[in-house]
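K.L.:
My questions will all concern the structure given below.
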Amino acid sequence: MPITLPPMTRRQMLQAAAALAGSAALPALARARQDGDARPDPHRVALFSDTHIDLNPATTAGRDNINMTDYLNRCIEQAMADRPPAHTMFCGDVAYLIGKTEDYDQFLALVIRLLEAGVPVHCVLGNHDNYDNFFDAGIAQRPEAPPVAGKHVGVVRTERANWLLLDSLIETDTVYGQLGEAQQDWLVRTLDGLDDKPVLVMVHHNFDWIQRDGSDWGLRDAGPMFETLSQRQNVKAVFYGHSHDWKHSRRDDGLYLVNLPPTAYVFAPGKPNGWVDCRLAEDAATLTLHCIDPRHEQHGEEVELAYR
Ligand SMILES: [Fe+2]
């Protein structure tokens with residue numbers, strides 16, 4: 001029997017859904033369509049970063065004057081083209097510049113079809129986001145007692161990995177990032193309390209972004225974070241955004257570093273924008289880059305993260 005929701009504004013509906021789920025993320029709204037090929041693949045997670053969604057869907061920006069709303073739409077379409085992923089994760093800079101509540105309303109208008117297909121939406125915050133407006137817009141339920149005061153952190157448990165979502169936003173529009181001591185402590189406690197499934201970490205800021213004038217645009221307390229992660233063998237990879245620059249590498253300790261591409265504009269000419277399909281096995285994750293422009297030479301590039 002079909003269930004008819006009473007008329008509600010989209011924000012009310014999402015807030016109600018988030019409250020019901022008691023979740024730190026936007027939960028899926030409907031389960032009715034989850035049969036056969038429409039059922040999300042439990043071992044696939046779609047990774048997006050730097051969406052920079054403005055309240056005005058017509059806004060364009062960046063070196064190529066791209067339309068961010070259109071680009072995110074295309075990425076979501078690609079991600080949902082076959083069987084949907086089990087989860088979607090957005091690696092910060094959800095909003096265009098200063099994290100207005102209306103920017104997040106527009107973001108919700110774009111991701112609603114993920115929720116309707118039963119795919120939860122998880123976001124970490126970036127330097128262009130605003131903690132209060134993010135919650136006011138109903139993108140996640142504001143926790144009564146946040147695990148770290150003023151920070152949006154959490155664990156997403158999937159069948160084959162625990163995803164740890166960190167918050168490196170200091171203050172909206174401050175370009176560099178920091179976890180802070182309380183979050184570093186939470187990270188240690190949380191990792192030590194998890195089962196021994198592989199752990200994949202997501203944080204907005206990168207770790208090595210020094211400008212010509214010597215200023216550091218990256219994560220200022222990456223040192224202690226990596227000390228914590230490196231010592232725990234079940235941690236396998238760190239995904240980040242911020243520099244709008246798809247690249248990947250492996251540290252000497254075996255941890256993978258994956259800089260996700262933006263769905264929005266790139267900073268350097270010729271770089272790809274798009275999203276990354278992450279397929280999880282027991283002992284590895286396989287990443288596939290999907291470019292907005294399928295003619296881009298890196299479109300379809302696969303990266304195998306064989307776990308340490
Ligand atoms: Fe960004």
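Letters for chains follow the order of the structure tokens (A, B, ...), residue numbers begin at 1 for each chain, and ligand numbers begin at 1 in the order shown.
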If you count only C-alpha atoms and all ligand atoms, which residues end up within 6 Å of ligand 1, as a count of residues only?

P.N.:
3

K.L.:
Name all residues at most 12 Å from region 190-192 of chain A (count only C-alpha atoms; drop same-chain ones fewer than 3 positions away) and give them as a ChimeraX atom specification.

P.N.:
/A:147-148,153-156,162-166,183-187,195-201,225,228-235

K.L.:
Between A:Asp293, A:Asp283, A:Asp41, A:Asp252, which is the closest to Arg74 (chain A) once you count only C-alpha atoms?

P.N.:
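Distance minimum relative to Arg74 (chain A) lands on A:Asp293.
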
K.L.:
In Å to one decimal, how far is CA of Gln298 (chain A) from CA of Gly62 (chain A)?

P.N.:
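Atom-to-atom, CA of Gly62 (chain A) to CA of Gln298 (chain A), that is 20.4 Å.
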
K.L.:
Please run DSSP on the backbone and report, as an mmCIF file with all heavy atoms, in the first residue's frame, all residues within region 164-283 of chain A that come out as strand (DSSP E).

P.N.:
```
data_model
loop_
_atom_site.group_PDB
_atom_site.id
_atom_site.type_symbol
_atom_site.label_atom_id
_atom_site.label_comp_id
_atom_site.auth_asym_id
_atom_site.auth_seq_id
_atom_site.Cartn_x
_atom_site.Cartn_y
_atom_site.Cartn_z
ATOM 1 N N LEU A 164 35.426 7.007 8.645
ATOM 2 C CA LEU A 164 35.552 7.992 9.717
ATOM 3 C C LEU A 164 35.534 9.384 9.111
ATOM 4 O O LEU A 164 36.424 9.725 8.323
ATOM 5 C CB LEU A 164 36.898 7.742 10.393
ATOM 6 C CG LEU A 164 36.816 7.434 11.866
ATOM 7 C CD1 LEU A 164 38.092 6.815 12.342
ATOM 8 C CD2 LEU A 164 36.550 8.718 12.599
ATOM 9 N N LEU A 165 34.541 10.160 9.454
ATOM 10 C CA LEU A 165 34.394 11.481 8.849
ATOM 11 C C LEU A 165 34.847 12.555 9.843
ATOM 12 O O LEU A 165 34.300 12.658 10.951
ATOM 13 C CB LEU A 165 32.941 11.721 8.430
ATOM 14 C CG LEU A 165 32.307 10.622 7.562
ATOM 15 C CD1 LEU A 165 30.946 11.058 7.038
ATOM 16 C CD2 LEU A 165 33.200 10.221 6.390
ATOM 17 N N VAL A 199 39.501 0.765 8.009
ATOM 18 C CA VAL A 199 39.003 2.116 8.283
ATOM 19 C C VAL A 199 39.437 3.039 7.150
ATOM 20 O O VAL A 199 40.620 3.058 6.772
ATOM 21 C CB VAL A 199 39.555 2.655 9.622
ATOM 22 C CG1 VAL A 199 39.157 4.115 9.824
ATOM 23 C CG2 VAL A 199 39.044 1.812 10.784
ATOM 24 N N LEU A 200 38.482 3.769 6.609
ATOM 25 C CA LEU A 200 38.761 4.762 5.571
ATOM 26 C C LEU A 200 38.381 6.121 6.144
ATOM 27 O O LEU A 200 37.293 6.272 6.703
ATOM 28 C CB LEU A 200 37.954 4.438 4.308
ATOM 29 C CG LEU A 200 38.198 3.012 3.761
ATOM 30 C CD1 LEU A 200 37.220 2.686 2.632
ATOM 31 C CD2 LEU A 200 39.637 2.850 3.292
ATOM 32 N N VAL A 201 39.294 7.061 6.033
ATOM 33 C CA VAL A 201 39.120 8.365 6.688
ATOM 34 C C VAL A 201 38.803 9.408 5.624
ATOM 35 O O VAL A 201 39.339 9.357 4.512
ATOM 36 C CB VAL A 201 40.418 8.747 7.439
ATOM 37 C CG1 VAL A 201 40.300 10.133 8.075
ATOM 38 C CG2 VAL A 201 40.736 7.696 8.497
ATOM 39 N N MET A 202 37.929 10.334 5.976
ATOM 40 C CA MET A 202 37.637 11.450 5.063
ATOM 41 C C MET A 202 37.743 12.763 5.814
ATOM 42 O O MET A 202 37.181 12.917 6.907
ATOM 43 C CB MET A 202 36.236 11.287 4.460
ATOM 44 C CG MET A 202 35.903 12.381 3.474
ATOM 45 S SD MET A 202 34.345 12.070 2.597
ATOM 46 C CE MET A 202 34.922 11.085 1.236
ATOM 47 N N VAL A 235 43.645 1.157 9.706
ATOM 48 C CA VAL A 235 43.410 2.363 8.904
ATOM 49 C C VAL A 235 44.144 2.200 7.571
ATOM 50 O O VAL A 235 45.337 1.903 7.544
ATOM 51 C CB VAL A 235 43.902 3.631 9.627
ATOM 52 C CG1 VAL A 235 43.598 4.871 8.784
ATOM 53 C CG2 VAL A 235 43.254 3.753 10.996
ATOM 54 N N LYS A 236 43.422 2.387 6.465
ATOM 55 C CA LYS A 236 43.997 2.052 5.153
ATOM 56 C C LYS A 236 44.178 3.253 4.226
ATOM 57 O O LYS A 236 45.067 3.242 3.387
ATOM 58 C CB LYS A 236 43.100 1.031 4.438
ATOM 59 C CG LYS A 236 42.725 -0.197 5.276
ATOM 60 C CD LYS A 236 43.936 -0.994 5.716
ATOM 61 C CE LYS A 236 43.522 -2.267 6.479
ATOM 62 N NZ LYS A 236 44.694 -2.943 7.048
ATOM 63 N N ALA A 237 43.309 4.235 4.329
ATOM 64 C CA ALA A 237 43.379 5.333 3.356
ATOM 65 C C ALA A 237 42.753 6.595 3.924
ATOM 66 O O ALA A 237 41.893 6.531 4.801
ATOM 67 C CB ALA A 237 42.651 4.944 2.062
ATOM 68 N N VAL A 238 43.232 7.725 3.418
ATOM 69 C CA VAL A 238 42.650 9.018 3.770
ATOM 70 C C VAL A 238 42.202 9.701 2.474
ATOM 71 O O VAL A 238 43.000 9.862 1.544
ATOM 72 C CB VAL A 238 43.666 9.918 4.501
ATOM 73 C CG1 VAL A 238 43.013 11.244 4.901
ATOM 74 C CG2 VAL A 238 44.237 9.213 5.727
ATOM 75 N N PHE A 239 40.933 10.055 2.424
ATOM 76 C CA PHE A 239 40.370 10.777 1.279
ATOM 77 C C PHE A 239 40.233 12.246 1.673
ATOM 78 O O PHE A 239 39.785 12.556 2.771
ATOM 79 C CB PHE A 239 38.987 10.221 0.919
ATOM 80 C CG PHE A 239 39.036 8.799 0.422
ATOM 81 C CD1 PHE A 239 39.015 7.724 1.316
ATOM 82 C CD2 PHE A 239 39.107 8.527 -0.930
ATOM 83 C CE1 PHE A 239 39.063 6.412 0.871
ATOM 84 C CE2 PHE A 239 39.160 7.215 -1.400
ATOM 85 C CZ PHE A 239 39.138 6.155 -0.498
ATOM 86 N N TYR A 240 40.586 13.133 0.769
ATOM 87 C CA TYR A 240 40.484 14.558 1.075
ATOM 88 C C TYR A 240 40.154 15.334 -0.200
ATOM 89 O O TYR A 240 40.119 14.765 -1.305
ATOM 90 C CB TYR A 240 41.776 15.062 1.723
ATOM 91 C CG TYR A 240 43.027 14.898 0.889
ATOM 92 C CD1 TYR A 240 43.549 15.974 0.181
ATOM 93 C CD2 TYR A 240 43.682 13.672 0.805
ATOM 94 C CE1 TYR A 240 44.696 15.830 -0.584
ATOM 95 C CE2 TYR A 240 44.826 13.528 0.037
ATOM 96 C CZ TYR A 240 45.325 14.600 -0.657
ATOM 97 O OH TYR A 240 46.460 14.451 -1.420
ATOM 98 N N LYS A 247 44.417 13.369 -7.407
ATOM 99 C CA LYS A 247 45.700 12.675 -7.384
ATOM 100 C C LYS A 247 45.695 11.662 -6.242
ATOM 101 O O LYS A 247 44.842 11.726 -5.353
ATOM 102 C CB LYS A 247 46.886 13.639 -7.272
ATOM 103 C CG LYS A 247 46.950 14.508 -6.036
ATOM 104 C CD LYS A 247 48.211 15.364 -6.096
ATOM 105 C CE LYS A 247 48.432 16.154 -4.825
ATOM 106 N NZ LYS A 247 47.525 17.306 -4.663
ATOM 107 N N HIS A 248 46.647 10.749 -6.291
ATOM 108 C CA HIS A 248 46.710 9.716 -5.255
ATOM 109 C C HIS A 248 48.142 9.288 -5.074
ATOM 110 O O HIS A 248 48.964 9.365 -5.992
ATOM 111 C CB HIS A 248 45.822 8.520 -5.636
ATOM 112 C CG HIS A 248 45.984 8.106 -7.069
ATOM 113 N ND1 HIS A 248 46.952 7.242 -7.493
ATOM 114 C CD2 HIS A 248 45.299 8.499 -8.175
ATOM 115 C CE1 HIS A 248 46.863 7.099 -8.796
ATOM 116 N NE2 HIS A 248 45.875 7.851 -9.251
ATOM 117 N N SER A 249 48.444 8.869 -3.855
ATOM 118 C CA SER A 249 49.814 8.442 -3.559
ATOM 119 C C SER A 249 49.760 7.469 -2.389
ATOM 120 O O SER A 249 48.698 7.240 -1.799
ATOM 121 C CB SER A 249 50.690 9.655 -3.201
ATOM 122 O OG SER A 249 50.143 10.318 -2.081
ATOM 123 N N ARG A 250 50.916 6.902 -2.064
ATOM 124 C CA ARG A 250 50.977 5.993 -0.920
ATOM 125 C C ARG A 250 52.150 6.407 -0.040
ATOM 126 O O ARG A 250 53.257 6.651 -0.539
ATOM 127 C CB ARG A 250 51.174 4.555 -1.406
ATOM 128 C CG ARG A 250 50.954 3.560 -0.308
ATOM 129 C CD ARG A 250 50.956 2.133 -0.778
ATOM 130 N NE ARG A 250 50.288 1.295 0.215
ATOM 131 C CZ ARG A 250 50.252 -0.031 0.166
ATOM 132 N NH1 ARG A 250 50.824 -0.677 -0.827
ATOM 133 N NH2 ARG A 250 49.631 -0.712 1.116
ATOM 134 N N TYR A 256 47.182 5.027 2.049
ATOM 135 C CA TYR A 256 46.922 5.703 0.776
ATOM 136 C C TYR A 256 46.367 7.093 1.037
ATOM 137 O O TYR A 256 45.568 7.295 1.964
ATOM 138 C CB TYR A 256 45.906 4.916 -0.043
ATOM 139 C CG TYR A 256 46.439 3.619 -0.580
ATOM 140 C CD1 TYR A 256 46.186 2.412 0.073
ATOM 141 C CD2 TYR A 256 47.213 3.586 -1.738
ATOM 142 C CE1 TYR A 256 46.679 1.210 -0.409
ATOM 143 C CE2 TYR A 256 47.716 2.384 -2.237
ATOM 144 C CZ TYR A 256 47.441 1.205 -1.567
ATOM 145 O OH TYR A 256 47.933 0.026 -2.051
ATOM 146 N N LEU A 257 46.769 8.047 0.200
ATOM 147 C CA LEU A 257 46.216 9.401 0.229
ATOM 148 C C LEU A 257 45.509 9.633 -1.101
ATOM 149 O O LEU A 257 46.122 9.488 -2.168
ATOM 150 C CB LEU A 257 47.332 10.436 0.404
ATOM 151 C CG LEU A 257 48.242 10.253 1.628
ATOM 152 C CD1 LEU A 257 49.311 11.341 1.664
ATOM 153 C CD2 LEU A 257 47.417 10.276 2.919
ATOM 154 N N VAL A 258 44.235 9.972 -1.034
ATOM 155 C CA VAL A 258 43.459 10.149 -2.264
ATOM 156 C C VAL A 258 42.839 11.543 -2.267
ATOM 157 O O VAL A 258 41.964 11.847 -1.446
ATOM 158 C CB VAL A 258 42.346 9.082 -2.390
ATOM 159 C CG1 VAL A 258 41.577 9.282 -3.693
ATOM 160 C CG2 VAL A 258 42.940 7.682 -2.327
ATOM 161 N N ASN A 259 43.322 12.385 -3.157
ATOM 162 C CA ASN A 259 42.787 13.738 -3.314
ATOM 163 C C ASN A 259 41.647 13.667 -4.332
ATOM 164 O O ASN A 259 41.877 13.434 -5.516
ATOM 165 C CB ASN A 259 43.912 14.656 -3.821
ATOM 166 C CG ASN A 259 43.625 16.147 -3.661
ATOM 167 O OD1 ASN A 259 44.512 16.967 -3.813
ATOM 168 N ND2 ASN A 259 42.388 16.506 -3.365
ATOM 169 N N GLY A 274 34.744 15.777 -11.538
ATOM 170 C CA GLY A 274 33.837 14.636 -11.599
ATOM 171 C C GLY A 274 33.689 14.012 -10.227
ATOM 172 O O GLY A 274 33.672 14.717 -9.211
ATOM 173 N N TRP A 275 33.614 12.696 -10.180
ATOM 174 C CA TRP A 275 33.414 11.988 -8.908
ATOM 175 C C TRP A 275 34.136 10.649 -8.978
ATOM 176 O O TRP A 275 34.632 10.257 -10.049
ATOM 177 C CB TRP A 275 31.919 11.786 -8.638
ATOM 178 C CG TRP A 275 31.241 10.928 -9.668
ATOM 179 C CD1 TRP A 275 30.864 11.306 -10.924
ATOM 180 C CD2 TRP A 275 30.898 9.540 -9.533
ATOM 181 N NE1 TRP A 275 30.302 10.227 -11.578
ATOM 182 C CE2 TRP A 275 30.306 9.144 -10.754
ATOM 183 C CE3 TRP A 275 31.015 8.604 -8.500
ATOM 184 C CZ2 TRP A 275 29.837 7.844 -10.961
ATOM 185 C CZ3 TRP A 275 30.540 7.313 -8.709
ATOM 186 C CH2 TRP A 275 29.962 6.945 -9.938
ATOM 187 N N VAL A 276 34.197 9.958 -7.855
ATOM 188 C CA VAL A 276 34.952 8.712 -7.790
ATOM 189 C C VAL A 276 34.062 7.601 -7.248
ATOM 190 O O VAL A 276 33.421 7.749 -6.199
ATOM 191 C CB VAL A 276 36.209 8.883 -6.898
ATOM 192 C CG1 VAL A 276 36.861 7.548 -6.612
ATOM 193 C CG2 VAL A 276 37.207 9.821 -7.574
ATOM 194 N N ASP A 277 34.027 6.520 -7.992
ATOM 195 C CA ASP A 277 33.275 5.337 -7.579
ATOM 196 C C ASP A 277 34.227 4.454 -6.774
ATOM 197 O O ASP A 277 35.289 4.088 -7.267
ATOM 198 C CB ASP A 277 32.805 4.609 -8.854
ATOM 199 C CG ASP A 277 31.753 3.565 -8.554
ATOM 200 O OD1 ASP A 277 31.357 3.425 -7.388
ATOM 201 O OD2 ASP A 277 31.327 2.882 -9.506
ATOM 202 N N CYS A 278 33.840 4.137 -5.551
ATOM 203 C CA CYS A 278 34.704 3.331 -4.683
ATOM 204 C C CYS A 278 34.036 1.977 -4.460
ATOM 205 O O CYS A 278 32.957 1.902 -3.876
ATOM 206 C CB CYS A 278 34.892 4.068 -3.353
ATOM 207 S SG CYS A 278 35.810 3.135 -2.128
ATOM 208 N N ARG A 279 34.691 0.919 -4.963
ATOM 209 C CA ARG A 279 34.164 -0.443 -4.781
ATOM 210 C C ARG A 279 35.014 -1.167 -3.747
ATOM 211 O O ARG A 279 36.244 -1.236 -3.875
ATOM 212 C CB ARG A 279 34.166 -1.197 -6.112
ATOM 213 C CG ARG A 279 32.939 -0.870 -6.960
ATOM 214 C CD ARG A 279 33.061 -1.390 -8.365
ATOM 215 N NE ARG A 279 34.089 -0.644 -9.086
ATOM 216 C CZ ARG A 279 35.036 -1.198 -9.849
ATOM 217 N NH1 ARG A 279 35.094 -2.498 -9.979
ATOM 218 N NH2 ARG A 279 35.922 -0.447 -10.467
ATOM 219 N N LEU A 280 34.347 -1.651 -2.714
ATOM 220 C CA LEU A 280 35.054 -2.226 -1.575
ATOM 221 C C LEU A 280 35.094 -3.743 -1.656
ATOM 222 O O LEU A 280 34.054 -4.396 -1.824
ATOM 223 C CB LEU A 280 34.366 -1.814 -0.269
ATOM 224 C CG LEU A 280 34.328 -0.307 0.014
ATOM 225 C CD1 LEU A 280 33.373 0.001 1.149
ATOM 226 C CD2 LEU A 280 35.733 0.197 0.354
#
```

K.L.:
In Å, with one decimal, what is the gap from CA of Leu194 (chain A) to CA of Pro224 (chain A)?

P.N.:
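Answer for the CA of Leu194 (chain A) to CA of Pro224 (chain A) separation: 19.4 Å.
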
K.L.:
When you count only C-alpha atoms, which of these residues is closest to Glu227 (chain A): A:Ile112, A:His204, A:Ile98, A:Val188?

P.N.:
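Going through A:Ile112, A:His204, A:Ile98, A:Val188 one by one, the smallest distance to Glu227 (chain A) is for A:Val188.
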
K.L.:
Any idea what's packed within 7 Å of Glu302 (chain A), counting only C-alpha atoms, ignoring anything in its chain fewer than 5 positions away? Could you give it as a PyMOL selection string?

P.N.:
chain A and resi 286-289

K.L.:
Return the single residue from A:Lys271, A:Leu97, A:His87, A:Ser215 that is closest to Ala61 (chain A), with distances computed using only C-alpha atoms.

P.N.:
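Selected residue with least distance to Ala61 (chain A): A:Leu97.
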
K.L.:
Can you tell me how far CA of Gly99 (chain A) sits from CA of Thr51 (chain A), in Å to one decimal?

P.N.:
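Distance reported for this atom pair: 11.7 Å.
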
K.L.:
Enumerate the residues of region 116-146 of chain A with a DSSP assignment of helix (DSSP H, G or I), computed from the backbone, and present them as a PyMOL selection string.

P.N.:
chain A and resi 116+131-136

K.L.:
Okay, now the selection with N, CA, C and O atoms, as a short mmCIF file (atom, residue, chain, number, x, y, z; two decimals), in the first residue's frame?

P.N.:
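Now in out22.cif:
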```
data_model
loop_
_atom_site.label_atom_id
_atom_site.label_comp_id
_atom_site.auth_asym_id
_atom_site.auth_seq_id
_atom_site.Cartn_x
_atom_site.Cartn_y
_atom_site.Cartn_z
N GLU A 116 15.66 9.56 -2.16
CA GLU A 116 14.44 8.86 -2.62
C GLU A 116 14.76 7.47 -3.14
O GLU A 116 13.93 6.57 -3.11
N TYR A 131 28.97 25.62 9.92
CA TYR A 131 28.47 24.57 10.80
C TYR A 131 26.99 24.77 11.14
O TYR A 131 26.19 23.85 10.99
N ASP A 132 26.61 25.96 11.59
CA ASP A 132 25.23 26.18 12.03
C ASP A 132 24.25 26.13 10.87
O ASP A 132 23.19 25.50 10.97
N ASN A 133 24.60 26.78 9.77
CA ASN A 133 23.67 26.80 8.63
C ASN A 133 23.49 25.40 8.03
O ASN A 133 22.41 25.06 7.55
N PHE A 134 24.55 24.62 8.07
CA PHE A 134 24.50 23.24 7.58
C PHE A 134 23.43 22.45 8.33
O PHE A 134 22.60 21.77 7.74
N PHE A 135 23.44 22.60 9.65
CA PHE A 135 22.42 21.89 10.45
C PHE A 135 21.05 22.54 10.32
O PHE A 135 20.03 21.86 10.25
N ASP A 136 21.02 23.89 10.27
CA ASP A 136 19.73 24.58 10.15
C ASP A 136 19.01 24.15 8.87
O ASP A 136 17.78 24.09 8.83
#
```

K.L.:
Using only C-alpha atoms, determine which residues lie at most 8 Å from Ala264 (chain A), disregarding the query and same-chain residues fewer than 5 positions distant; provide the list as an MDAnalysis selection string.

P.N.:
chainID A and resid 50:52 66:68 71:72 273:274
